[in-house]
Each structure stands twice: as C-alpha cells, then as structure tokens.
Amino acid sequence: MPTEKNDLHRGTLDMLILKIVASGPLHGYAIAQRLQQISKDYFQVPQGSLYPALHRLEERKWLDAEWKDTSTGREAKFYTLTSKGKKQLEAEVLGWERLSDAVSLILRTAD
Amino acid sequence: MRWLRRLGHKPLVEKRLDSELHFHLEQQIADYIASGLSPDEARRRANLEFGSVEGFKEECREARWENHLELLLHDVQFALRGLRKNPRFALAAILALALGIGASTAMFSVIYNALVAPFPYKDQGRLITLRVLDLDQRGDGEGNIRGLLSYPELHDYMEQNRVFDGLIANCEIDVVYDSGENNSYLAANYVTPGTFELFGIAPLLGRGLEPADYKPGAPPVFVLRYATWINQFGSDPSVVGKTFLLNGVRRTLVGVMPLRFAWGGVNLWMPRDATTASVMRGTFPQYWGVVAHLKPGVTLQEAEADINIIGARIAPSYREDYPTHFHVGVESFVHAVVGDGFRRTLFVLFAAVGLLLLIGCANVASLLLARATTRGREFAVRAALGASRARLVRQLLLESLLLALGGAVVGVLFAWAGIRGLSSAMPPFTIPSETVIEMNGWVLLFGISLAIATVVIFGLFPALQASRVDVQDALRGAGKGLGGTAAKSRLRNAVIVLEVALSIILLFTAGLFMRSFVAIQNVSLGWQPDHLLIGRIPLPSQHYKTGPQLVSFFDPLIHNLKSTPGIEGASPVSTTPPYGGFGGNIEIPGKTHAGEWESLIQLVGEDYFSIVRQPLLSGRAFTEEEVSTARKVVVINQTFQRRFLGDGDPLGRTIVLDVLKKVPDAVTDRSFQVIGVAADAMNAGLERPTEPEVWIPYSVTGSGMRRLIVRTTADPGSMNATVRKAVWAVDPTVAFAEGEPLAELLNTFSYAQPRLGLFLVTTFATIGLLLVTLGVYSVIAYSTGRRTHEIGIRMALGAAPADVLKMVLKNGLAVVVPGIAIGILVSFAVSRSVVSQLWGVSPYDPLSAVSVVVLLLAIGLLACWVPARRATRISPVTALHYE
C-alpha cells in the first residue's frame, strides 16, 4: 500500500469512482483516465489499485458491470451506477460537504 | 493460487479479471504509442504506472470475500443486538429448545445404550438365546416360558443344530469362599467351552478360560469379574496365579476380566465340560442359559425352524420339560436381556420426551411468529431503505440459527446432566450390568440434527412470512388495531392449540402413571414387609442332601437366632415374597379334572406365618415337632381352597403334591393333610392376582434353594452381620448371602421401575406445562398489546374494565379450550398404548382426565389474566395514542 502524503482514503476513492461513473457507463481504463484528468495528477496512486475498489463496489451492488464492445471493437467491462449506488453517492457527498464545511469553518474561525 | 491454475481449468471469473486488467494495460500502451513513445518505452511506463498485476488481482479477489465476510459479521452483530434487545424472548426460546433437545438426547442415550448396544461383546447383533414356550398357555406371564435348558437337552441342541457356529451355556452356582479367617459368599457361573472366545473380550489380567481348562482332570481354575476384583481383592494384581478354597476345592485364579464383561452378572466363572453330559444324567437337573452365534447368512427364522425340528425330535425324551404343544423361540440376545416391561417403559418415556420436544419447538415457533409480526414495521423500514428481501430473510434465519445454537449448547449440557442423573436412577437388574450409559457420537449427532432441523423449520417460516411484508401497508401502520392479518393470527393460534393439546397428552399420561404407581404402592401384600431381613442360604450339596441334614443345620440356627437380642424369630423359606415358592403339579384324591392343576409350594419352618404376619383363617400352623420330623402336613391359602377343594371344611382333607417326585431325594409318600388355611397374600409379584399356594415343612425334602427370613425388632439392615455370624457359628461352610431388608427389596424390584417412569413422565409433563404457560402468555400478551388501540376506543366509549377483562379472557379461552378438547381426545386414543405400563387404572381414567383439564384451564386463565389486567389499567388517552 502506498503511504505517500497524497494517498487516497478508501472511502474517498469509492466516492470519486461513484461520482465519475455517475456520468454514464465507463470501463476501468476510462475511469482511471478521468480520475487523473480531474485531479490533475494530484493523487499519486498506482492505477491498478482502482480495480479492487471497482470490484468491491460491484460486490456491494453500488455498481453494475457489463461486458460490451468498445468503440474500437474490443470487449471491455463497463461499469454503471445502480440506484443503490446513487443513494450511496448522495449520502457520501452530503457527508463530505458537511465535513469540509465544518473543517473550513474551524480553519477560518481559529485564526 | 498458482497451483490451482496449473490444474488447467481456469474459472470464468479469473479469465474475466485477467482480461479486464490486460485491457487497461493495452489501452494505456496504445495511448502512449499514439503520443509518440517507442513500443518498449510505452510498455515500460504503462506497467510502472499500473503496479503489480498479480497483486491487484489478489486484492480484487479479496475485495469480494471481504465484502461477504463483512456483511456476515454485520448480520451476526445485528442478530445478536436484536436478541439482546429482547433478552426475555431470547432466554425463553433458548430454554425451550434446550429442554427439548436435552431431554430427548438424554432419553435417546439411555435407549441406545440399554436397547441397541448394551454389551461390549463381539458381533452382539448375531447372538441369540433359546426359550421353550408353552403354546397352550396364552398371555404374557413368565409361567409359560422356560428360558433354561437341562444339561442333556443343551447337549442335544449343541450337537444337532446346523445354524450356529458357536453355542455356549452358563449355569448359576453358589460358592462359599473360605479365606482361612472367615467365609464369604460369591455368585458363580459354570461356563461351557468356547464361552470366552464367543464373547471375544480379552482379559484385563492373566488369561480367560482355554480349551484345556475344560478337559476332565484338568487343574481347577477360575476367572474373576472386575468389580469383584476391585471390591473383594483390593484390585491387587498379584492375586492372579494364587489358589482359593471355593466350595472346598482349591482353584487357581487365572485371569481378571475387564469392567464391561459381566456375563451372567456373577462374581466368577468356572469351566465345566459340555461333553460329559452323562455325568449329569440322573441327578437333579441343573438348568443352563444358552447363548449361540448365528452362522454367517443364517436368519433368525431359519435358525428357529432348525431348532424346532430338533425340539420336536428330542421332546419325548424330556417329558417333564416339554409341554404338549410347544415352540422353541430363538430370540436376539440383546433383545432378551432387557425385559419387555422395561423396554416398553423406555419407549413410552421416549415418546413423552418427543412430545416435550414438539412442545418446545411449537413454543419457539409461536414466539418467533409473534416477534416477526411485531417487527413487521422494522423490516418495512429497512426494506424501504434498500435492504433486499434475501438479506432480511438471511438476518432472521441467522437470528434463529443463533437461538438454535444457544439451545443446542445448553441442551447438550442438560443432556449431559440428564444422562448422569438417569444412569444413577436406573433401577437395578432392569438393564444388564455390562451396560454403560454415556453420551456417544450418535447421540450427539442426534442432538445437533435436532437443533438444525428446528432452525430450518421454525426459523425459515417466520422469516419468509416477515419478509413478505408489504412495505406500504406496514409503513402506514395498517393492521395496528387488529391482531395482525387474519392468516397470521390463525397460524399463531393453531400453534398454541397444538401446544396445549400436546401438553394435555403428556399430563394425562403422567396422571395415569401416577395413579398406577399409587395403586401399586397401596396393594395390600397380605403380610408385613417391615422389620424383615431375608437372605439366601447356599447349602453345599455334598453335605446337605436330605431333610434331616437340613434340620441339623436350621434347627440350631433358628434357636440361636430366637435368643439373639434384636431378633424376634426366623424361618427357612424357598423364595423371596411376594413370590410364593416353586410351582408344580398337585392332585386332589377323588377329583378329576381337565388340564393340569398347579400350585405354588413354599418350604417353611413352624414360625413362618407369625414372622411374616400372615393371618391363618382356620386351623393352625405347624408345630416344632411336625417340622423337625418332616410330617406330611400342609397349610393352604384361600385361593387354593376355592379353586381345588370347593365347599366344605378343608381341614383334614388330603392333597397330593405330585411335584415332589421330581426332586433328587424323591418323596415317596406325597399325600399331605390340610391343617390350616391362610389368608390370601400376594404371591406372584405385585401386579398379578394371588395364585394357589401351599406351605409344607421345609424338612420334607433336602432339595431346592433355601432362604432365611428373619423378623427383627431392631433395624433389619443392622442385623445382617449378626445373622451372618450365627450362620457361620452353625456351619462355617454355609453363608448368609445377599441379606437385605425385605422392604428395600420390594422398593428395588417392585417400585423402582414404575417410580422411575413416573418421575420422568412427571418431569417432562411439568416442563411441558411451563412451556405451554409461557406460550399462551406470550401469544395473549402479544395480541392484547396489539389491540391496545381498540381497547382504548372501547373504554372511551364506556366499556367497563370488567368487559375488557372478559374480552381478553374469552380471547385466551378461544385457543386454550380447543387445545384441551383435542388433547383429551388424542390422549384417549393413544393411552391404550401405555396400558401395559399401567396397573389398577383404566387408560380412560376419568379422574386423571378431569384433573388435567382443570389444571390446564387454570393455567390458561392465569396466562391470560396478566395481560388482561394490564389492558384494563390502560387509560383511554394513552391507548388512543398508542402505536
């Protein structure tokens, strides 16, 4: 397990994956690319660590997976958000916003 | 995991995982090449950025497992929390299951060890024993079955059969052991060649009996039983090889058998050759018990056919021993050893415990049903929040599984305690001494399967029912004012009706057992057993062959005892009351009759009637002179007079005791003059009517087994040593064996078995009653709780507390009364199957039935009363707000 400063917390990675997949069916590589683009290479994690997380979310029925052909004609595993996953995402985003609000409030008022 | 893959069969999941990760790498490489990197550099960077493919594959696999485990742990925690939230429910359910499982496991252990595998003997299922049955006498009495064979007869069966590959026999013999300092009595068996080989038990010390030991002229030897070695020889291993003076013969102890070898239930075994049959002919017949081993492939029926051919062939040579119409029964040895009576008792007890188990399960089922319905809303909420139906079912099942696990663990503890209690409570001589009652693998398996079956049946059903909750309905709180849906409450009520009915059957059976036991204890014996001490007097046959020889022993003994402080008097007697002597043919001069006339014959001294306190109705008892000179006088009982003499004064009549010509010192003049009539007393056991019986002076013959009965003024048990010393004082080669107070013997042999049955059935019935009380209470409390809203409305509209009370009680009676009715009807239908266990009480005993009904009504009302009272105390305002 990488232990650098910019390590991703498991719950945070799950939330980010759910958020990315919410935009439509994506395969693992596309999710990895999107994650990198959005975070502007902020998170330093091996790309492979995405897959255990995907499998975990699939097992929890937050993600659904299907093998389909890509635009290039190759078969790949596409992930979609389930309704359960959607609820989970909403709950996590809400929790995250509350946490970050609370943290920034503390940071501001502690001056 | 690599070894698995090398097996060549890669599962689909693995293939998919593989291609998913490789798709990523290939896409990345393609993208890098497209952006201008060399293929090698592109591959290098892609691999570097991805990390270890194998490592992540492993993590993916773990992610799936972890998830399952987490969910399971979560569910277990959830189930435990659910149970903890309602500890009374959990405790009641676990206790109900544990009682059922524990009690039935304990009973099953007893039945398995006592009936299925009582012996440690080799191939015990193919060992058989022989008995000659008199086909002219029907009924289940012992009188028409002969289980022992004379020696020549035994020899015939041994030589002529074609169905056994081993046939051995044993014969009881009393042994007086002279240690040099004092004498003691030991029970022994003569055994025939092949005995130790047939049973296949290796000796603990030394050796068993070998073929050479049986040869004529072989040095006398014997083998000792484990318990005797421990108790009388201080488990000293050096006794093997020493010689002992037994019945005046020096015999070498060659071996000690292990604990579970107790053939014949005796202290020691001595060899006796079966080939010297001629030696035995012409003497008073010794009777031998037979055990044979079936040849491979021979069935019981085939063996029986073969043996009956031999029986028919040899019967004419043994007129005395074979009835006109007979059948030689071949019976499994295991089956023959445990008496039919006790076997039936055990089965009745097992049935009772099965009912208890059913009640326990019904109880848990009703508790689970009630609980599942109460939690309908909880489940609806959880379903609305996304819990799948499978998940809910799984949680409920898990909860039941935890209950069953708890029930099984506590149940095994109960079973362990129960087995210990039962094996010490077993009446002596009902099961063979080789039997050890212990919890074995089978029994444990039985207990565990019961637990699992209980979970599957009674956990799954409420779980499925609860999961079928309609989310919308439940959330709206529909059915709040009703007792759940009609179907659910019908099911709950049906379970309670069943529980009440089962409990009625148990209670009714217990009632019958109780009445029967009281009846047996109240049997008027016709004599007084208190302060009587009785023991066997094994007289060495070489010194005591004739009547006068017996008188020379008994006369001084009785005189000495009479003058001993603490002793009132003593008399010889042939058998231990309530059994009246040996049976035999009689004739009345001038009377002809069809069939044989038989009477019991008791050989006694002049004080017998005063010692046992049996009153004489007319005439007199013997005088001392009549006894010492063996005068041919007889005292008869009322039944004898009624059956054989008819009206008219019996005194002075003559009767002929034909049976006396069969004894070794055959009595030539067998005509006896009646001098007295004794009141009828129990003389064929406690459960059978009085038989014709006569008493004659013990000195008439020197043959037959003798006992001494002593009336004491002190505690009879404390006089045992005194009597033993008095016997040795007259003749040191004679012993006072197995001396015991008669009241204790009665307790052991006549009351212990019914008492054990009564105790267990009553215990089971009481537990059943407690469970039913709990069941009725929980269901009424539950449905009353559900109707709080309705009750509030009623009270707000002016219903008095008494009306509410009446309503709830009526509700309760609606389930209790049908249960009682069904229970009583079924009880009457099945009580005939316990009729063999009953004595002096009808299987339809109205007193038992009425008491049971009243008891259950009272219990049912009590169980309803508490929730009913609670309902009347509700203030209408609270009730209307109550959810």
# chains A, B, ... in the order shown; residues from 1 in each chain; ligands from 1
>>> closest_atom_pairs(of="chain B", to="chain A", cutoff="9 Å", atoms="only C-alpha atoms", output="Markdown table")
| residue | atom | partner | partner_atom | distance |
| --- | --- | --- | --- | --- |
| B:Arg16 | CA | A:Lys77 | CA | 8.7 |
| B:Ser19 | CA | A:Ala76 | CA | 8.1 |
| B:Glu20 | CA | A:Lys77 | CA | 6.5 |
| B:Leu21 | CA | A:Gly48 | CA | 7.9 |
| B:Phe23 | CA | A:Ala76 | CA | 6.9 |
| B:His24 | CA | A:Tyr29 | CA | 5.0 |
| B:Leu25 | CA | A:Tyr29 | CA | 8.2 |
| B:Gln27 | CA | A:Tyr29 | CA | 7.3 |
| B:Gln28 | CA | A:Tyr29 | CA | 7.8 |
| B:Leu48 | CA | A:Pro46 | CA | 8.1 |
| B:Glu49 | CA | A:Pro46 | CA | 5.5 |
| B:Phe50 | CA | A:Gln47 | CA | 4.6 |
| B:Gly51 | CA | A:Pro46 | CA | 5.5 |
| B:Ser52 | CA | A:Gly48 | CA | 7.4 |
| B:Val53 | CA | A:Gly48 | CA | 7.0 |
| B:Gly55 | CA | A:Gly48 | CA | 8.9 |
| B:Phe56 | CA | A:Gly48 | CA | 6.2 |
| B:Lys57 | CA | A:Pro52 | CA | 7.6 |
| B:Glu58 | CA | A:Pro52 | CA | 8.5 |
| B:Glu59 | CA | A:Pro52 | CA | 5.5 |
| B:Cys60 | CA | A:Pro52 | CA | 4.1 |
| B:Arg61 | CA | A:Pro52 | CA | 7.7 |
| B:Glu62 | CA | A:Pro52 | CA | 8.0 |
| B:Ala63 | CA | A:Arg56 | CA | 5.0 |
| B:Arg64 | CA | A:Arg56 | CA | 6.0 |
| B:Glu66 | CA | A:Arg56 | CA | 8.5 |
| B:Asn67 | CA | A:Arg56 | CA | 7.0 |
| B:His68 | CA | A:Glu59 | CA | 8.5 |
| B:Gly386 | CA | A:Lys84 | CA | 7.2 |
>>> write_last_selection(atoms="C-alpha atoms", output="PDB file, in the first residue's frame")
ATOM      1  CA  ARG B  16     -12.534 -12.099 -16.817  1.00  0.00           C
ATOM      2  CA  SER B  19      -8.758  -9.683 -19.466  1.00  0.00           C
ATOM      3  CA  GLU B  20     -10.071  -6.638 -17.608  1.00  0.00           C
ATOM      4  CA  LEU B  21      -6.630  -5.750 -16.280  1.00  0.00           C
ATOM      5  CA  PHE B  23      -7.400  -4.358 -21.437  1.00  0.00           C
ATOM      6  CA  HIS B  24      -6.311  -1.452 -19.233  1.00  0.00           C
ATOM      7  CA  LEU B  25      -2.610  -2.063 -19.889  1.00  0.00           C
ATOM      8  CA  GLN B  27      -5.145   0.709 -23.897  1.00  0.00           C
ATOM      9  CA  GLN B  28      -2.516   2.617 -21.961  1.00  0.00           C
ATOM     10  CA  LEU B  48       5.212   1.039 -13.956  1.00  0.00           C
ATOM     11  CA  GLU B  49       2.136   3.186 -13.540  1.00  0.00           C
ATOM     12  CA  PHE B  50      -0.193   0.235 -13.165  1.00  0.00           C
ATOM     13  CA  GLY B  51       1.749  -1.552 -10.431  1.00  0.00           C
ATOM     14  CA  SER B  52       1.779  -5.290  -9.769  1.00  0.00           C
ATOM     15  CA  VAL B  53      -0.883  -7.015 -11.864  1.00  0.00           C
ATOM     16  CA  GLY B  55      -1.005  -8.159  -6.530  1.00  0.00           C
ATOM     17  CA  PHE B  56      -4.075  -6.252  -7.658  1.00  0.00           C
ATOM     18  CA  LYS B  57      -5.719  -9.415  -8.901  1.00  0.00           C
ATOM     19  CA  GLU B  58      -5.350 -10.818  -5.409  1.00  0.00           C
ATOM     20  CA  GLU B  59      -6.802  -7.634  -3.948  1.00  0.00           C
ATOM     21  CA  CYS B  60      -9.763  -7.885  -6.285  1.00  0.00           C
ATOM     22  CA  ARG B  61     -10.458 -11.392  -5.123  1.00  0.00           C
ATOM     23  CA  GLU B  62     -10.157 -10.293  -1.522  1.00  0.00           C
ATOM     24  CA  ALA B  63     -12.479  -7.381  -2.122  1.00  0.00           C
ATOM     25  CA  ARG B  64     -15.235  -9.857  -2.934  1.00  0.00           C
ATOM     26  CA  GLU B  66     -14.092  -9.292   2.462  1.00  0.00           C
ATOM     27  CA  ASN B  67     -17.375  -7.965   1.449  1.00  0.00           C
ATOM     28  CA  HIS B  68     -19.193 -11.221   2.191  1.00  0.00           C
ATOM     29  CA  GLY B 386     -32.802  -0.678   0.400  1.00  0.00           C
TER      30      GLY B 386
END
>>> select_by_dssp(residues="chain A", states="alpha helix (DSSP H)", output="JSON, numbers by chain")
{"A": [10, 11, 12, 13, 14, 15, 16, 17, 18, 19, 20, 21, 28, 29, 30, 31, 32, 33, 34, 35, 36, 37, 38, 39, 50, 51, 52, 53, 54, 55, 56, 57, 58, 59, 83, 84, 85, 86, 87, 88, 89, 90, 91, 92, 93, 94, 95, 96, 97, 98, 99, 100, 101, 102, 103, 104, 105, 106, 107, 108, 109]}
>>> closest_atom_pairs(of="segment 589-674 of chain B", to="segment 692-712 of chain B", cutoff="7 Å", atoms="only C-alpha atoms", output="JSON lines")
{"residue": "B:Ser599", "atom": "CA", "partner": "B:Pro692", "partner_atom": "CA", "distance": 5.0}
{"residue": "B:Leu600", "atom": "CA", "partner": "B:Glu693", "partner_atom": "CA", "distance": 4.4}
{"residue": "B:Ile601", "atom": "CA", "partner": "B:Val694", "partner_atom": "CA", "distance": 5.1}
{"residue": "B:Gln602", "atom": "CA", "partner": "B:Trp695", "partner_atom": "CA", "distance": 4.8}
{"residue": "B:Leu603", "atom": "CA", "partner": "B:Tyr698", "partner_atom": "CA", "distance": 4.2}
{"residue": "B:Val604", "atom": "CA", "partner": "B:Tyr698", "partner_atom": "CA", "distance": 4.8}
{"residue": "B:Gly605", "atom": "CA", "partner": "B:Pro697", "partner_atom": "CA", "distance": 5.8}
{"residue": "B:Ile611", "atom": "CA", "partner": "B:Arg711", "partner_atom": "CA", "distance": 5.8}
{"residue": "B:Val627", "atom": "CA", "partner": "B:Pro697", "partner_atom": "CA", "distance": 5.0}
{"residue": "B:Ser628", "atom": "CA", "partner": "B:Ser699", "partner_atom": "CA", "distance": 6.6}
{"residue": "B:Ala630", "atom": "CA", "partner": "B:Val700", "partner_atom": "CA", "distance": 4.9}
{"residue": "B:Val633", "atom": "CA", "partner": "B:Ile696", "partner_atom": "CA", "distance": 6.3}
{"residue": "B:Val634", "atom": "CA", "partner": "B:Ile696", "partner_atom": "CA", "distance": 4.9}
{"residue": "B:Val635", "atom": "CA", "partner": "B:Trp695", "partner_atom": "CA", "distance": 5.1}
{"residue": "B:Ile636", "atom": "CA", "partner": "B:Val694", "partner_atom": "CA", "distance": 4.4}
{"residue": "B:Asn637", "atom": "CA", "partner": "B:Glu693", "partner_atom": "CA", "distance": 5.7}
{"residue": "B:Thr639", "atom": "CA", "partner": "B:Pro692", "partner_atom": "CA", "distance": 5.0}
{"residue": "B:Phe640", "atom": "CA", "partner": "B:Pro692", "partner_atom": "CA", "distance": 4.2}
{"residue": "B:Val663", "atom": "CA", "partner": "B:Ser703", "partner_atom": "CA", "distance": 6.3}
{"residue": "B:Pro664", "atom": "CA", "partner": "B:Ser703", "partner_atom": "CA", "distance": 6.7}
{"residue": "B:Asp665", "atom": "CA", "partner": "B:Thr701", "partner_atom": "CA", "distance": 6.7}
>>> write_last_selection(atoms="C-alpha atoms", output="PDB file, in the first residue's frame")
ATOM      1  CA  SER B 599     -49.929 -74.695  42.918  1.00  0.00           C
ATOM      2  CA  LEU B 600     -47.045 -72.791  44.416  1.00  0.00           C
ATOM      3  CA  ILE B 601     -45.212 -74.725  47.102  1.00  0.00           C
ATOM      4  CA  GLN B 602     -43.329 -72.986  49.869  1.00  0.00           C
ATOM      5  CA  LEU B 603     -40.948 -74.866  52.208  1.00  0.00           C
ATOM      6  CA  VAL B 604     -41.084 -73.178  55.613  1.00  0.00           C
ATOM      7  CA  GLY B 605     -40.497 -73.564  59.343  1.00  0.00           C
ATOM      8  CA  ILE B 611     -42.871 -63.990  61.296  1.00  0.00           C
ATOM      9  CA  VAL B 627     -41.307 -79.641  61.197  1.00  0.00           C
ATOM     10  CA  SER B 628     -38.358 -81.465  62.738  1.00  0.00           C
ATOM     11  CA  ALA B 630     -40.982 -83.843  58.404  1.00  0.00           C
ATOM     12  CA  VAL B 633     -49.000 -81.691  56.833  1.00  0.00           C
ATOM     13  CA  VAL B 634     -49.920 -78.660  54.751  1.00  0.00           C
ATOM     14  CA  VAL B 635     -51.341 -75.161  55.111  1.00  0.00           C
ATOM     15  CA  ILE B 636     -53.237 -73.903  52.049  1.00  0.00           C
ATOM     16  CA  ASN B 637     -54.318 -70.422  51.019  1.00  0.00           C
ATOM     17  CA  THR B 639     -57.327 -69.310  46.507  1.00  0.00           C
ATOM     18  CA  PHE B 640     -56.194 -72.953  46.706  1.00  0.00           C
ATOM     19  CA  VAL B 663     -36.719 -83.767  43.347  1.00  0.00           C
ATOM     20  CA  PRO B 664     -33.439 -85.742  43.733  1.00  0.00           C
ATOM     21  CA  ASP B 665     -34.359 -87.218  47.117  1.00  0.00           C
TER      22      ASP B 665
END
>>> atom_distance(atom1="atom CA of Asp136 of chain B", atom2="atom CA of Ile314 of chain B")
19.3 Å
>>> residues_around(residues="segment 318-320 of chain B", least_positions_apart="3", cutoff="9 Å", atoms="only C-alpha atoms", output="list of chain:residue names")
B:Glu153, B:Ile314, B:Ala315, B:Pro323, B:Thr324, B:Lys662
>>> closest_residue(among="B:Glu210, B:Glu434, B:Asp669, B:Glu568", to="Phe119 of chain B", atoms="only C-alpha atoms")
B:Glu434
>>> residues_around(residues="segment 416-426 of chain B", least_positions_apart="3", cutoff="9 Å", atoms="only C-alpha atoms", output="list in words")
Gly102, Ala103, Thr105, Ala106, Met107, Ser109, Val110, Gly411, Val412, Leu413, Phe429, Thr430, Ile431, Val436, Ile437, Glu438, Met439, Ala752, Gln753 and Leu756 of chain B
>>> residues_around(residues="Arg688 of chain B", least_positions_apart="4", cutoff="10 Å", atoms="only C-alpha atoms", output="short mmCIF file (atom, residue, chain, number, x, y, z; two decimals) with C-alpha atoms, in the first residue's frame")
data_model
loop_
_atom_site.label_atom_id
_atom_site.label_comp_id
_atom_site.auth_asym_id
_atom_site.auth_seq_id
_atom_site.Cartn_x
_atom_site.Cartn_y
_atom_site.Cartn_z
CA GLY B 141 -46.84 -64.44 32.08
CA MET B 682 -49.60 -61.53 47.13
CA ASN B 683 -47.51 -64.45 45.88
CA ALA B 684 -46.95 -63.84 42.14
CA TRP B 839 -51.78 -51.28 36.81
#
>>> atom_distance(atom1="atom CA of Thr72 of chain A", atom2="atom CA of Asn47 of chain B")
22.0 Å
>>> atom_distance(atom1="atom CA of Val523 of chain B", atom2="atom CA of Arg613 of chain B")
16.0 Å
>>> select_by_dssp(residues="segment 51-96 of chain A", states="strand (DSSP E)", output="PyMOL selection string")
chain A and resi 63-69+75-81
>>> write_last_selection(atoms="C-alpha atoms", output="short mmCIF file (atom, residue, chain, number, x, y, z; two decimals), in the first residue's frame")
data_model
loop_
_atom_site.label_atom_id
_atom_site.label_comp_id
_atom_site.auth_asym_id
_atom_site.auth_seq_id
_atom_site.Cartn_x
_atom_site.Cartn_y
_atom_site.Cartn_z
CA LEU A 63 -22.00 -0.51 -9.35
CA ASP A 64 -23.29 -2.75 -12.06
CA ALA A 65 -20.90 -4.29 -14.59
CA GLU A 66 -21.42 -5.48 -18.13
CA TRP A 67 -19.11 -6.74 -20.86
CA LYS A 68 -19.58 -4.75 -24.02
CA ASP A 69 -17.68 -3.86 -27.17
CA GLU A 75 -14.61 -6.27 -25.46
CA ALA A 76 -14.31 -4.43 -22.15
CA LYS A 77 -16.01 -4.39 -18.76
CA PHE A 78 -18.24 -1.33 -18.40
CA TYR A 79 -19.40 -0.07 -15.01
CA THR A 80 -22.69 1.78 -14.38
CA LEU A 81 -24.09 3.31 -11.23
#
>>> closest_residue(among="B:Asp715, B:Asp731, B:Asp213, B:Glu587", to="Phe672 of chain B", atoms="only C-alpha atoms")
B:Glu587
>>> closest_residue(among="B:Leu80, B:Trp865, B:Thr748, B:Gln641", to="Leu398 of chain B", atoms="only C-alpha atoms")
B:Leu80
>>> closest_residue(among="B:Ile534, B:Val330, B:Gly265, B:Val826", to="Glu172 of chain B", atoms="only C-alpha atoms")
B:Gly265
>>> residues_around(residues="Leu294 of chain B", least_positions_apart="4", cutoff="9 Å", atoms="only C-alpha atoms", output="JSON, numbers by chain")
{"B": [126, 127, 128, 163, 164, 165, 166, 298, 299, 300, 303]}
>>> closest_residue(among="A:Thr82, A:Ser100, A:Ser71, A:Gln37", to="Leu18 of chain A", atoms="only C-alpha atoms")
A:Thr82
